[in-house]
file query-v1.cif (mmCIF, C-alpha atoms)
data_start
#
loop_
_atom_site.label_atom_id
_atom_site.label_comp_id
_atom_site.auth_asym_id
_atom_site.auth_seq_id
_atom_site.Cartn_x
_atom_site.Cartn_y
_atom_site.Cartn_z
CA THR Z 1 136.57 148.89 103.05
CA HIS Z 2 133.94 146.43 101.94
CA VAL Z 3 130.69 145.32 103.52
CA ALA Z 4 129.18 141.87 103.31
CA ASN Z 5 125.67 143.32 103.70
CA ALA Z 6 124.46 140.43 105.85
CA HIS Z 7 123.66 138.20 102.86
CA LYS Z 8 121.36 140.85 101.39
CA VAL Z 9 119.68 139.94 98.14
CA PRO Z 10 120.02 142.58 95.39
CA LYS Z 11 116.94 144.81 95.25
CA ASP Z 12 116.45 144.08 91.56
CA LEU Z 13 116.36 140.30 92.04
CA ASP Z 14 113.18 138.83 90.55
CA MET Z 15 111.88 136.78 93.48
CA GLU Z 16 108.98 135.42 91.44
CA LYS Z 17 111.50 133.97 89.01
CA PHE Z 18 113.59 132.63 91.89
CA ALA Z 19 110.54 130.87 93.33
CA ALA Z 20 109.71 129.36 89.93
CA ASP Z 21 113.31 128.22 89.42
CA LEU Z 22 113.39 126.69 92.89
CA LYS Z 23 110.20 124.76 92.21
CA LYS Z 24 111.64 123.52 88.92
CA LEU Z 25 114.81 122.43 90.69
CA ARG Z 26 112.81 120.40 93.19
CA ILE Z 27 110.50 118.80 90.64
CA GLU Z 28 113.10 117.80 88.08
CA SER Z 29 115.81 115.39 89.05
CA GLY Z 30 117.91 116.55 86.13
CA LEU Z 31 119.39 120.02 85.76
CA GLY Z 32 122.75 118.36 86.39
CA TYR Z 33 122.01 117.92 90.10
CA GLY Z 34 120.70 114.37 90.07
CA THR Z 35 122.43 112.90 87.05
CA GLY Z 36 126.08 113.30 87.93
CA GLN Z 37 126.56 116.08 85.39
CA ASN Z 38 127.44 118.64 88.03
CA SER Z 39 130.04 117.15 90.35
CA ARG Z 40 130.84 120.62 91.69
CA THR Z 41 127.66 120.63 93.76
CA GLY Z 42 127.72 117.05 94.94
CA ASN Z 43 125.38 115.32 92.44
CA ILE Z 44 122.32 116.20 94.51
CA ASN Z 45 118.98 114.66 93.64
CA PRO Z 46 116.33 117.13 94.81
CA GLY Z 47 113.59 114.55 94.30
CA SER Z 48 115.15 111.93 96.55
CA PRO Z 49 112.84 110.63 99.32
CA ASN Z 50 115.79 111.10 101.64
CA PHE Z 51 117.41 114.38 100.75
CA LEU Z 52 120.68 113.36 102.43
CA ASP Z 53 121.06 110.03 100.60
CA GLY Z 54 124.73 109.82 99.66
CA HIS Z 55 125.51 112.77 101.91
CA GLU Z 56 125.63 111.15 105.31
CA PHE Z 57 127.38 112.92 108.14
CA ILE Z 58 131.06 112.04 108.52
CA PRO Z 59 133.09 114.06 111.03
CA PRO Z 60 136.38 115.56 109.86
CA GLY Z 61 139.41 113.33 109.97
CA PRO Z 62 143.13 113.99 110.34
CA GLY Z 63 144.25 116.76 108.02
CA ASP Z 64 140.71 117.99 107.31
CA VAL Z 65 140.00 121.66 108.01
CA ARG Z 66 136.93 123.56 109.14
CA GLY Z 67 136.14 127.26 109.38
CA PRO Z 68 134.03 129.68 111.42
CA CYS Z 69 130.82 129.32 109.37
CA PRO Z 70 128.78 126.41 110.72
CA PHE Z 71 126.84 125.84 107.50
CA ILE Z 72 129.95 125.70 105.32
CA ASN Z 73 131.32 123.17 107.82
CA VAL Z 74 128.03 121.26 107.46
CA MET Z 75 128.51 121.24 103.68
CA ALA Z 76 131.92 119.63 104.19
CA ASN Z 77 130.80 117.13 106.84
CA HIS Z 78 127.98 115.96 104.55
CA GLY Z 79 130.10 115.90 101.41
CA PHE Z 80 128.36 118.68 99.48
CA ILE Z 81 131.82 120.24 99.12
CA ASN Z 82 135.18 118.52 99.52
CA ARG Z 83 135.06 116.72 102.85
CA SER Z 84 138.63 117.81 103.48
CA GLY Z 85 137.51 121.44 103.48
CA LYS Z 86 140.33 122.19 101.03
CA ASN Z 87 140.33 123.38 97.42
CA VAL Z 88 136.62 124.22 97.52
CA PRO Z 89 135.34 126.13 94.46
CA VAL Z 90 134.20 129.23 96.32
CA PHE Z 91 131.34 130.14 94.00
CA VAL Z 92 129.74 126.73 94.55
CA ILE Z 93 128.86 127.87 98.08
CA PRO Z 94 126.24 130.41 96.90
CA GLU Z 95 124.73 127.73 94.62
CA LEU Z 96 124.42 125.42 97.62
CA ALA Z 97 122.58 128.12 99.58
CA THR Z 98 119.69 127.58 97.18
CA ILE Z 99 119.97 123.81 96.95
CA LEU Z 100 120.32 123.18 100.68
CA PHE Z 101 118.58 126.14 102.32
CA ASP Z 102 115.99 127.52 99.83
CA LEU Z 103 117.82 130.87 99.81
CA PRO Z 104 118.71 132.95 96.73
CA SER Z 105 122.34 132.39 95.77
CA ALA Z 106 122.56 136.09 94.89
CA GLY Z 107 122.57 136.90 98.59
CA PHE Z 108 125.69 134.81 99.14
CA VAL Z 109 127.75 135.84 96.12
CA PRO Z 110 129.01 138.95 98.02
CA ILE Z 111 130.39 136.63 100.71
CA ALA Z 112 132.28 134.62 98.08
CA ASN Z 113 133.52 137.85 96.52
CA MET Z 114 134.65 139.02 99.94
CA ALA Z 115 136.71 135.85 100.36
CA VAL Z 116 138.43 136.62 97.04
CA PHE Z 117 138.93 140.28 97.93
CA ASP Z 118 140.48 139.34 101.28
CA GLY Z 119 142.85 136.81 99.73
CA GLN Z 120 141.20 133.81 101.35
CA ALA Z 121 140.01 132.31 98.05
CA VAL Z 122 142.68 132.23 95.37
CA VAL Z 123 142.21 132.33 91.61
CA GLN Z 124 144.08 129.40 90.06
CA PRO Z 125 145.99 129.47 86.74
CA ASN Z 126 143.03 127.70 85.10
CA GLY Z 127 140.68 130.45 86.28
CA GLU Z 128 138.98 128.44 89.02
CA THR Z 129 138.76 130.17 92.42
CA LEU Z 130 139.50 127.79 95.28
CA LEU Z 131 139.13 128.16 99.04
CA ASP Z 132 140.48 126.25 102.02
CA ILE Z 133 137.61 126.93 104.41
CA ASP Z 134 139.86 127.36 107.45
CA ASP Z 135 141.22 130.48 105.75
CA LEU Z 136 137.87 132.09 106.56
CA TRP Z 137 139.26 132.52 110.08
CA ASN Z 138 141.64 135.14 108.71
CA ARG Z 139 140.62 138.73 109.24
CA PRO Z 140 139.09 140.75 107.73
CA GLY Z 141 136.44 138.37 106.55
CA GLU Z 142 133.69 136.06 107.77
CA GLU Z 143 135.12 135.58 111.25
CA ARG Z 144 134.57 138.38 113.76
CA ASP Z 145 134.11 139.22 117.43
CA ALA Z 146 130.74 138.50 119.11
CA SER Z 147 130.41 135.16 117.30
CA GLN Z 148 127.60 132.97 118.58
CA VAL Z 149 129.79 130.25 120.10
CA PHE Z 150 133.42 130.99 119.22
CA PRO Z 151 135.36 133.13 121.70
CA ASN Z 152 136.68 136.55 120.79
CA PRO Z 153 140.20 135.46 119.81
CA LEU Z 154 142.16 138.04 121.78
CA LEU Z 155 140.59 136.87 125.03
CA VAL Z 156 143.53 134.47 125.04
CA LEU Z 157 145.59 137.53 126.03
CA THR Z 158 144.61 137.53 129.67
CA ASP Z 159 145.56 140.25 132.16
CA GLU Z 160 148.29 137.91 133.37
CA ARG Z 161 149.83 137.84 129.91
CA LEU Z 162 149.31 141.54 129.24
CA ASN Z 163 150.86 142.74 132.50
CA LEU Z 164 154.01 140.69 132.81
CA PRO Z 165 156.62 142.10 135.17
CA SER Z 166 159.77 143.22 133.42
CA GLY Z 167 162.57 140.68 133.52
CA CYS Z 168 160.32 137.85 134.69
CA GLY Z 169 162.04 134.51 134.80
CA GLU Z 170 159.52 131.92 133.62
CA CYS Z 171 157.19 134.17 131.61
CA PRO Z 172 154.02 132.40 130.39
CA GLN Z 173 153.98 131.76 126.67
CA ALA Z 174 150.87 131.62 124.52
CA GLY Z 175 152.29 130.16 121.31
CA ASP Z 176 150.62 129.75 117.96
CA GLU Z 177 149.25 126.30 118.77
CA LYS Z 178 147.52 127.44 121.96
CA PHE Z 179 146.12 130.54 120.26
CA VAL Z 180 144.76 128.60 117.28
CA ASP Z 181 143.23 125.92 119.51
CA PHE Z 182 141.52 128.59 121.61
CA ARG Z 183 140.23 130.48 118.60
CA TYR Z 184 138.98 127.55 116.53
CA THR Z 185 137.19 125.64 119.32
CA VAL Z 186 133.52 126.10 120.16
CA ASP Z 187 133.27 127.66 123.62
CA ASN Z 188 131.02 125.28 125.52
CA ALA Z 189 130.08 128.01 128.01
CA LEU Z 190 128.82 130.22 125.17
CA LEU Z 191 126.85 127.37 123.66
CA GLU Z 192 125.26 126.60 127.02
CA GLN Z 193 124.49 130.31 127.39
CA LEU Z 194 122.52 130.09 124.16
CA LEU Z 195 120.84 126.78 124.96
CA ARG Z 196 119.54 128.04 128.32
CA PHE Z 197 116.96 130.05 126.35
CA THR Z 198 115.29 126.78 125.25
CA ASP Z 199 111.55 127.01 125.94
CA GLU Z 200 109.28 124.37 127.43
CA ASP Z 201 108.52 123.00 123.98
CA GLY Z 202 112.22 122.38 123.31
CA HIS Z 203 112.56 125.25 120.85
CA LEU Z 204 114.94 128.13 120.32
CA THR Z 205 113.51 131.17 118.57
CA LEU Z 206 114.84 134.08 116.56
CA ALA Z 207 113.94 136.31 119.51
CA HIS Z 208 116.17 134.14 121.72
CA HIS Z 209 119.04 134.53 119.27
CA THR Z 210 118.59 138.30 119.11
CA GLU Z 211 118.67 138.48 122.91
CA PHE Z 212 121.78 136.32 122.89
CA LEU Z 213 123.38 138.66 120.35
CA VAL Z 214 122.84 141.57 122.74
CA GLU Z 215 124.34 139.55 125.58
CA ARG Z 216 127.39 138.72 123.48
CA ILE Z 217 127.90 142.40 122.66
CA PHE Z 218 127.51 143.51 126.28
CA ASP Z 219 129.89 140.79 127.48
CA SER Z 220 132.39 141.64 124.74
CA LEU Z 221 132.37 145.38 125.41
CA GLY Z 222 134.12 144.71 128.67
CA ASN Z 223 136.89 142.71 127.02
CA HIS Z 224 140.30 143.82 125.80
CA PHE Z 225 140.55 144.58 122.07
CA PHE Z 226 136.86 144.02 121.25
CA GLN Z 227 135.84 145.48 117.93
CA LEU Z 228 132.69 145.23 115.85
CA SER Z 229 133.13 147.15 112.64
CA GLU Z 230 130.28 148.25 110.39
CA GLU Z 231 130.95 145.18 108.25
CA SER Z 232 130.97 142.89 111.29
CA GLN Z 233 127.69 144.34 112.50
CA GLU Z 234 126.10 143.51 109.15
CA VAL Z 235 127.50 139.98 109.20
CA ALA Z 236 126.41 139.35 112.79
CA ALA Z 237 122.88 140.61 112.10
CA GLY Z 238 122.51 138.01 109.36
CA GLN Z 239 124.31 135.13 111.00
CA TYR Z 240 122.27 135.19 114.21
CA THR Z 241 119.21 134.61 111.98
CA LEU Z 242 120.33 131.62 109.92
CA PRO Z 243 120.37 128.66 112.37
CA VAL Z 244 116.70 129.03 113.34
CA LEU Z 245 115.61 129.93 109.82
CA ILE Z 246 117.32 126.97 108.15
CA LEU Z 247 116.74 124.29 110.81
CA GLY Z 248 113.10 125.13 111.56
CA GLU Z 249 110.46 122.64 110.49
CA ASP Z 250 107.22 124.64 110.17
CA VAL Z 251 105.86 125.43 106.72
CA GLU Z 252 104.76 128.98 107.60
CA ASP Z 253 106.28 129.99 110.92
CA PHE Z 254 110.02 130.50 110.42
CA SER Z 255 110.70 131.93 113.87
CA PHE Z 256 111.59 128.76 115.81
CA ALA Z 257 113.54 125.52 115.52
CA PRO Z 258 114.22 122.52 117.75
CA ALA Z 259 117.00 123.38 120.16
CA SER Z 260 118.44 119.90 119.58
CA HIS Z 261 118.97 120.76 115.90
CA ILE Z 262 120.85 123.92 116.80
CA GLU Z 263 122.93 122.13 119.41
CA GLY Z 264 123.86 119.48 116.83
CA LEU Z 265 124.78 122.20 114.37
CA TRP Z 266 127.30 123.72 116.78
CA ARG Z 267 128.62 120.58 118.46
CA GLU Z 268 129.13 118.52 115.31
CA PHE Z 269 128.42 120.79 112.31
CA ARG Z 270 125.76 118.48 110.97
CA PHE Z 271 122.23 118.44 109.62
CA PRO Z 272 119.67 116.73 111.84
CA ASP Z 273 118.66 113.24 110.76
CA GLY Z 274 116.13 113.38 107.95
CA TYR Z 275 116.87 117.00 107.10
CA ALA Z 276 115.48 118.46 103.89
CA PRO Z 277 114.77 122.06 102.88
CA ARG Z 278 111.20 123.23 103.30
CA SER Z 279 110.61 123.32 99.53
CA VAL Z 280 111.35 119.58 99.44
CA VAL Z 281 109.28 118.76 102.52
CA PHE Z 282 106.24 120.94 101.81
CA GLY Z 283 106.26 121.56 98.05
CA ASP Z 284 103.78 124.20 96.92
CA ALA Z 285 102.66 124.86 100.50
CA PHE Z 286 106.00 126.55 101.15
CA ASP Z 287 106.41 130.16 100.04
CA PRO Z 288 110.07 130.97 99.33
CA ILE Z 289 109.26 134.64 98.69
CA GLU Z 290 107.79 135.04 102.18
CA TYR Z 291 110.70 133.04 103.59
CA GLU Z 292 113.23 135.46 102.09
CA ARG Z 293 111.20 138.50 103.12
CA PHE Z 294 111.09 137.19 106.68
CA ARG Z 295 114.85 136.66 106.68
CA GLN Z 296 115.57 140.16 105.44
CA GLU Z 297 113.23 141.75 107.98
CA ASN Z 298 114.85 139.84 110.82
CA ASN Z 299 118.32 140.81 109.60
CA GLU Z 300 117.32 144.47 109.58
CA HIS Z 301 115.81 144.15 113.06
CA ASN Z 302 118.99 142.53 114.37
CA LEU Z 303 121.08 145.32 112.90
CA GLU Z 304 118.97 147.94 114.67
CA VAL Z 305 119.40 146.00 117.92
CA VAL Z 306 123.18 145.85 117.41
CA HIS Z 307 123.33 149.63 116.92
CA GLU Z 308 121.27 150.21 120.06
CA ALA Z 309 123.41 147.83 122.12
CA LEU Z 310 126.65 149.51 121.02
CA GLU Z 311 125.26 152.96 121.88
CA ALA Z 312 123.69 151.99 125.22
CA PRO Z 313 125.48 152.41 128.56
CA LEU Z 314 127.32 149.23 129.46
CA PRO Z 315 125.15 147.39 132.01
CA THR Z 316 126.61 146.46 135.37
CA LYS Z 317 127.09 142.85 136.35
CA GLU Z 318 123.99 143.09 138.54
CA GLU Z 319 121.92 144.56 135.67
CA LYS Z 320 123.06 141.76 133.36
CA THR Z 321 122.02 139.17 135.95
CA LYS Z 322 118.57 140.74 136.32
CA LEU Z 323 118.14 140.91 132.55
CA ARG Z 324 119.10 137.30 132.06
CA GLY Z 325 116.85 136.13 134.87
CA ALA Z 326 113.91 138.00 133.37
CA VAL Z 327 114.57 136.57 129.92
CA LYS Z 328 114.79 133.04 131.28
CA VAL Z 329 111.46 133.34 133.09
CA ALA Z 330 109.79 134.89 130.06
CA THR Z 331 110.92 132.17 127.64
CA MET Z 332 110.57 129.03 129.75
#
call {"tool": "encode", "arguments": {"input": "query-v1.cif", "output": "structure tokens"}}
result
Amino acid sequence: THVANAHKVPKDLDMEKFAADLKKLRIESGLGYGTGQNSRTGNINPGSPNFLDGHEFIPPGPGDVRGPCPFINVMANHGFINRSGKNVPVFVIPELATILFDLPSAGFVPIANMAVFDGQAVVQPNGETLLDIDDLWNRPGEERDASQVFPNPLLVLTDERLNLPSGCGECPQAGDEKFVDFRYTVDNALLEQLLRFTDEDGHLTLAHHTEFLVERIFDSLGNHFFQLSEESQEVAAGQYTLPVLILGEDVEDFSFAPASHIEGLWREFRFPDGYAPRSVVFGDAFDPIEYERFRQENNEHNLEVVHEALEAPLPTKEEKTKLRGAVKVATM
């Protein structure tokens, strides 16, 4: 077994050095990111007035592939990795976590290693390790049950399909195409379930996402074949944190983000117009050490919540309705 550790940064990582390196990256337009010397990471100019200059959103075209991670899909749709989603140098993704999200790349290297371990990223004869990002759907790996907006894949096996009478004439057929389409498509009902938490200021918060995570677990526990391994619990705890953390716009309060940004993330896999990481927007006023500490604390809180939800008695339909009604009133 292997555990992704929810993008945990190694305990011995020097965060003071990371903060200094991040500041240097933002101040200097060189370092290979703004001069064309580093085509692997998209020739990014951290000092650009418009951070997304040259990286405009273009939706995937015929033959392009996308995976279960919204932010890797965003990288492809904005051209920070191959827009096709194919032959992506897998260890560029951790580098981009720093460049695009102000997060230490060391916390994302285990995810890249996991893709190699699981056979999703393949070492080439020249030593380069390449990934087609749709291979991240393959299990074990990044994709798992209780995703924020993708359905648990085996829900396609309905009771009708599981309990076919013997010798039936015209038996319903699922087929690979139908299964893949079901599995790879954002479930609009799940997205709307998340968006209903939007408060009167038009924000979604980390607390909303944690509550939604509990809902997803409770809903999934009543489904056929649901599983949430120790590894999947770690991954979920981290992934329910990232949309708000990355898409928020406050220099000090990292707990909320515009709901419209999160909706755009899931509907189109795109950055909002004018997006830039906080270190670009706020400069020295932004504290990347506090930002990372906040992320880790929220991940650990989410993991505790996951453990409690899995151990709690499964609520009845009526109890779920009361819970959701109370949450809606409290957050509106």
call {"tool": "closest_residue", "arguments": {"input": "query-v1.cif", "among": "Z:Gly222, Z:Arg270, Z:Gly85, Z:Ile262", "to": "Gly63 (chain Z)", "atoms": "all atoms listed in the file"}}
result
Z:Gly85
call {"tool": "atom_distance", "arguments": {"input": "query-v1.cif", "atom1": "CA of Ser220 (chain Z)", "atom2": "CA of Leu303 (chain Z)"}}
result
16.8 Å
call {"tool": "atom_distance", "arguments": {"input": "query-v1.cif", "atom1": "CA of Phe150 (chain Z)", "atom2": "CA of Asp187 (chain Z)"}}
result
5.5 Å
call {"tool": "closest_residue", "arguments": {"input": "query-v1.cif", "among": "Z:Glu215, Z:Asp53, Z:Leu13, Z:Ile81", "to": "Asp273 (chain Z)", "atoms": "only C-alpha atoms"}}
result
Z:Asp53
call {"tool": "closest_residue", "arguments": {"input": "query-v1.cif", "among": "Z:Leu154, Z:Leu228, Z:Leu221, Z:Leu52", "to": "Ile99 (chain Z)", "atoms": "all atoms listed in the file"}}
result
Z:Leu52
call {"tool": "resolve_selection", "arguments": {"input": "query-v1.cif", "expression": "the PyMOL selection byres ((chain Z and resi 151) around 12)", "output": "VMD selection string"}}
result
chain Z and resid 68 143 to 150 152 to 157 179 to 191 216 to 217 219 to 220 223 226
call {"tool": "write_last_selection", "arguments": {"input": "query-v1.cif", "atoms": "C-alpha atoms", "output": "PDB file, in the frame of the given file"}}
result
ATOM      1  CA  PRO Z  68     134.030 129.680 111.420  1.00  0.00           C
ATOM      2  CA  GLU Z 143     135.120 135.580 111.250  1.00  0.00           C
ATOM      3  CA  ARG Z 144     134.570 138.380 113.760  1.00  0.00           C
ATOM      4  CA  ASP Z 145     134.110 139.220 117.430  1.00  0.00           C
ATOM      5  CA  ALA Z 146     130.740 138.500 119.110  1.00  0.00           C
ATOM      6  CA  SER Z 147     130.410 135.160 117.300  1.00  0.00           C
ATOM      7  CA  GLN Z 148     127.600 132.970 118.580  1.00  0.00           C
ATOM      8  CA  VAL Z 149     129.790 130.250 120.100  1.00  0.00           C
ATOM      9  CA  PHE Z 150     133.420 130.990 119.220  1.00  0.00           C
ATOM     10  CA  ASN Z 152     136.680 136.550 120.790  1.00  0.00           C
ATOM     11  CA  PRO Z 153     140.200 135.460 119.810  1.00  0.00           C
ATOM     12  CA  LEU Z 154     142.160 138.040 121.780  1.00  0.00           C
ATOM     13  CA  LEU Z 155     140.590 136.870 125.030  1.00  0.00           C
ATOM     14  CA  VAL Z 156     143.530 134.470 125.040  1.00  0.00           C
ATOM     15  CA  LEU Z 157     145.590 137.530 126.030  1.00  0.00           C
ATOM     16  CA  PHE Z 179     146.120 130.540 120.260  1.00  0.00           C
ATOM     17  CA  VAL Z 180     144.760 128.600 117.280  1.00  0.00           C
ATOM     18  CA  ASP Z 181     143.230 125.920 119.510  1.00  0.00           C
ATOM     19  CA  PHE Z 182     141.520 128.590 121.610  1.00  0.00           C
ATOM     20  CA  ARG Z 183     140.230 130.480 118.600  1.00  0.00           C
ATOM     21  CA  TYR Z 184     138.980 127.550 116.530  1.00  0.00           C
ATOM     22  CA  THR Z 185     137.190 125.640 119.320  1.00  0.00           C
ATOM     23  CA  VAL Z 186     133.520 126.100 120.160  1.00  0.00           C
ATOM     24  CA  ASP Z 187     133.270 127.660 123.620  1.00  0.00           C
ATOM     25  CA  ASN Z 188     131.020 125.280 125.520  1.00  0.00           C
ATOM     26  CA  ALA Z 189     130.080 128.010 128.010  1.00  0.00           C
ATOM     27  CA  LEU Z 190     128.820 130.220 125.170  1.00  0.00           C
ATOM     28  CA  LEU Z 191     126.850 127.370 123.660  1.00  0.00           C
ATOM     29  CA  ARG Z 216     127.390 138.720 123.480  1.00  0.00           C
ATOM     30  CA  ILE Z 217     127.900 142.400 122.660  1.00  0.00           C
ATOM     31  CA  ASP Z 219     129.890 140.790 127.480  1.00  0.00           C
ATOM     32  CA  SER Z 220     132.390 141.640 124.740  1.00  0.00           C
ATOM     33  CA  ASN Z 223     136.890 142.710 127.020  1.00  0.00           C
ATOM     34  CA  PHE Z 226     136.860 144.020 121.250  1.00  0.00           C
TER      35      PHE Z 226
END
call {"tool": "atom_distance", "arguments": {"input": "query-v1.cif", "atom1": "CA of Ala237 (chain Z)", "atom2": "CA of Asn302 (chain Z)"}}
result
4.9 Å
call {"tool": "residues_around", "arguments": {"input": "query-v1.cif", "residues": "Ala121 (chain Z)", "least_positions_apart": "6", "cutoff": "10 Å", "atoms": "all atoms listed in the file", "output": "PyMOL selection string"}}
result
chain Z and resi 87-91+112-115+128-133+135-136
call {"tool": "resolve_selection", "arguments": {"input": "query-v1.cif", "expression": "the PyMOL selection byres ((chain Z and resi 247) around 9)", "output": "list in words"}}
result
Phe101, Leu242, Pro243, Val244, Leu245, Ile246, Gly248, Glu249, Phe256, Ala257, Pro258, His261, Ile262, Phe271, Pro272, Tyr275 and Pro277 of chain Z
call {"tool": "closest_residue", "arguments": {"input": "query-v1.cif", "among": "Z:Asp14, Z:Lys23, Z:Gly107, Z:Leu195", "to": "Gly264 (chain Z)", "atoms": "all atoms listed in the file"}}
result
Z:Leu195
call {"tool": "closest_residue", "arguments": {"input": "query-v1.cif", "among": "Z:Met75, Z:Gln227, Z:Arg295, Z:Asp284", "to": "Leu265 (chain Z)", "atoms": "all atoms listed in the file"}}
result
Z:Met75
call {"tool": "resolve_selection", "arguments": {"input": "query-v1.cif", "expression": "the PyMOL selection byres ((chain Z and resi 60) around 12)", "output": "VMD selection string"}}
result
chain Z and resid 57 to 59 61 to 67 73 to 79 82 to 86 268 to 270
call {"tool": "residues_around", "arguments": {"input": "query-v1.cif", "residues": "Tyr240 (chain Z)", "least_positions_apart": "6", "cutoff": "12 Å", "atoms": "only C-alpha atoms", "output": "MDAnalysis selection string"}}
result
chainID Z and resid 6:7 69:70 146:149 194 204:214 216 232:234 246 262 295 298:303 305:306
call {"tool": "residues_around", "arguments": {"input": "query-v1.cif", "residues": "Pro288 (chain Z)", "least_positions_apart": "3", "cutoff": "10 Å", "atoms": "all atoms listed in the file", "output": "number ranges by chain"}}
result
Z: 15-16, 18-20, 22-23, 102-104, 278-279, 284-285, 291-294
call {"tool": "write_last_selection", "arguments": {"input": "query-v1.cif", "atoms": "C-alpha atoms", "output": "CSV table (one decimal), keeping the file's coordinate frame"}}
result
chain,number,residue,atom,x,y,z
Z,15,MET,CA,111.9,136.8,93.5
Z,16,GLU,CA,109.0,135.4,91.4
Z,18,PHE,CA,113.6,132.6,91.9
Z,19,ALA,CA,110.5,130.9,93.3
Z,20,ALA,CA,109.7,129.4,89.9
Z,22,LEU,CA,113.4,126.7,92.9
Z,23,LYS,CA,110.2,124.8,92.2
Z,102,ASP,CA,116.0,127.5,99.8
Z,103,LEU,CA,117.8,130.9,99.8
Z,104,PRO,CA,118.7,133.0,96.7
Z,278,ARG,CA,111.2,123.2,103.3
Z,279,SER,CA,110.6,123.3,99.5
Z,284,ASP,CA,103.8,124.2,96.9
Z,285,ALA,CA,102.7,124.9,100.5
Z,291,TYR,CA,110.7,133.0,103.6
Z,292,GLU,CA,113.2,135.5,102.1
Z,293,ARG,CA,111.2,138.5,103.1
Z,294,PHE,CA,111.1,137.2,106.7
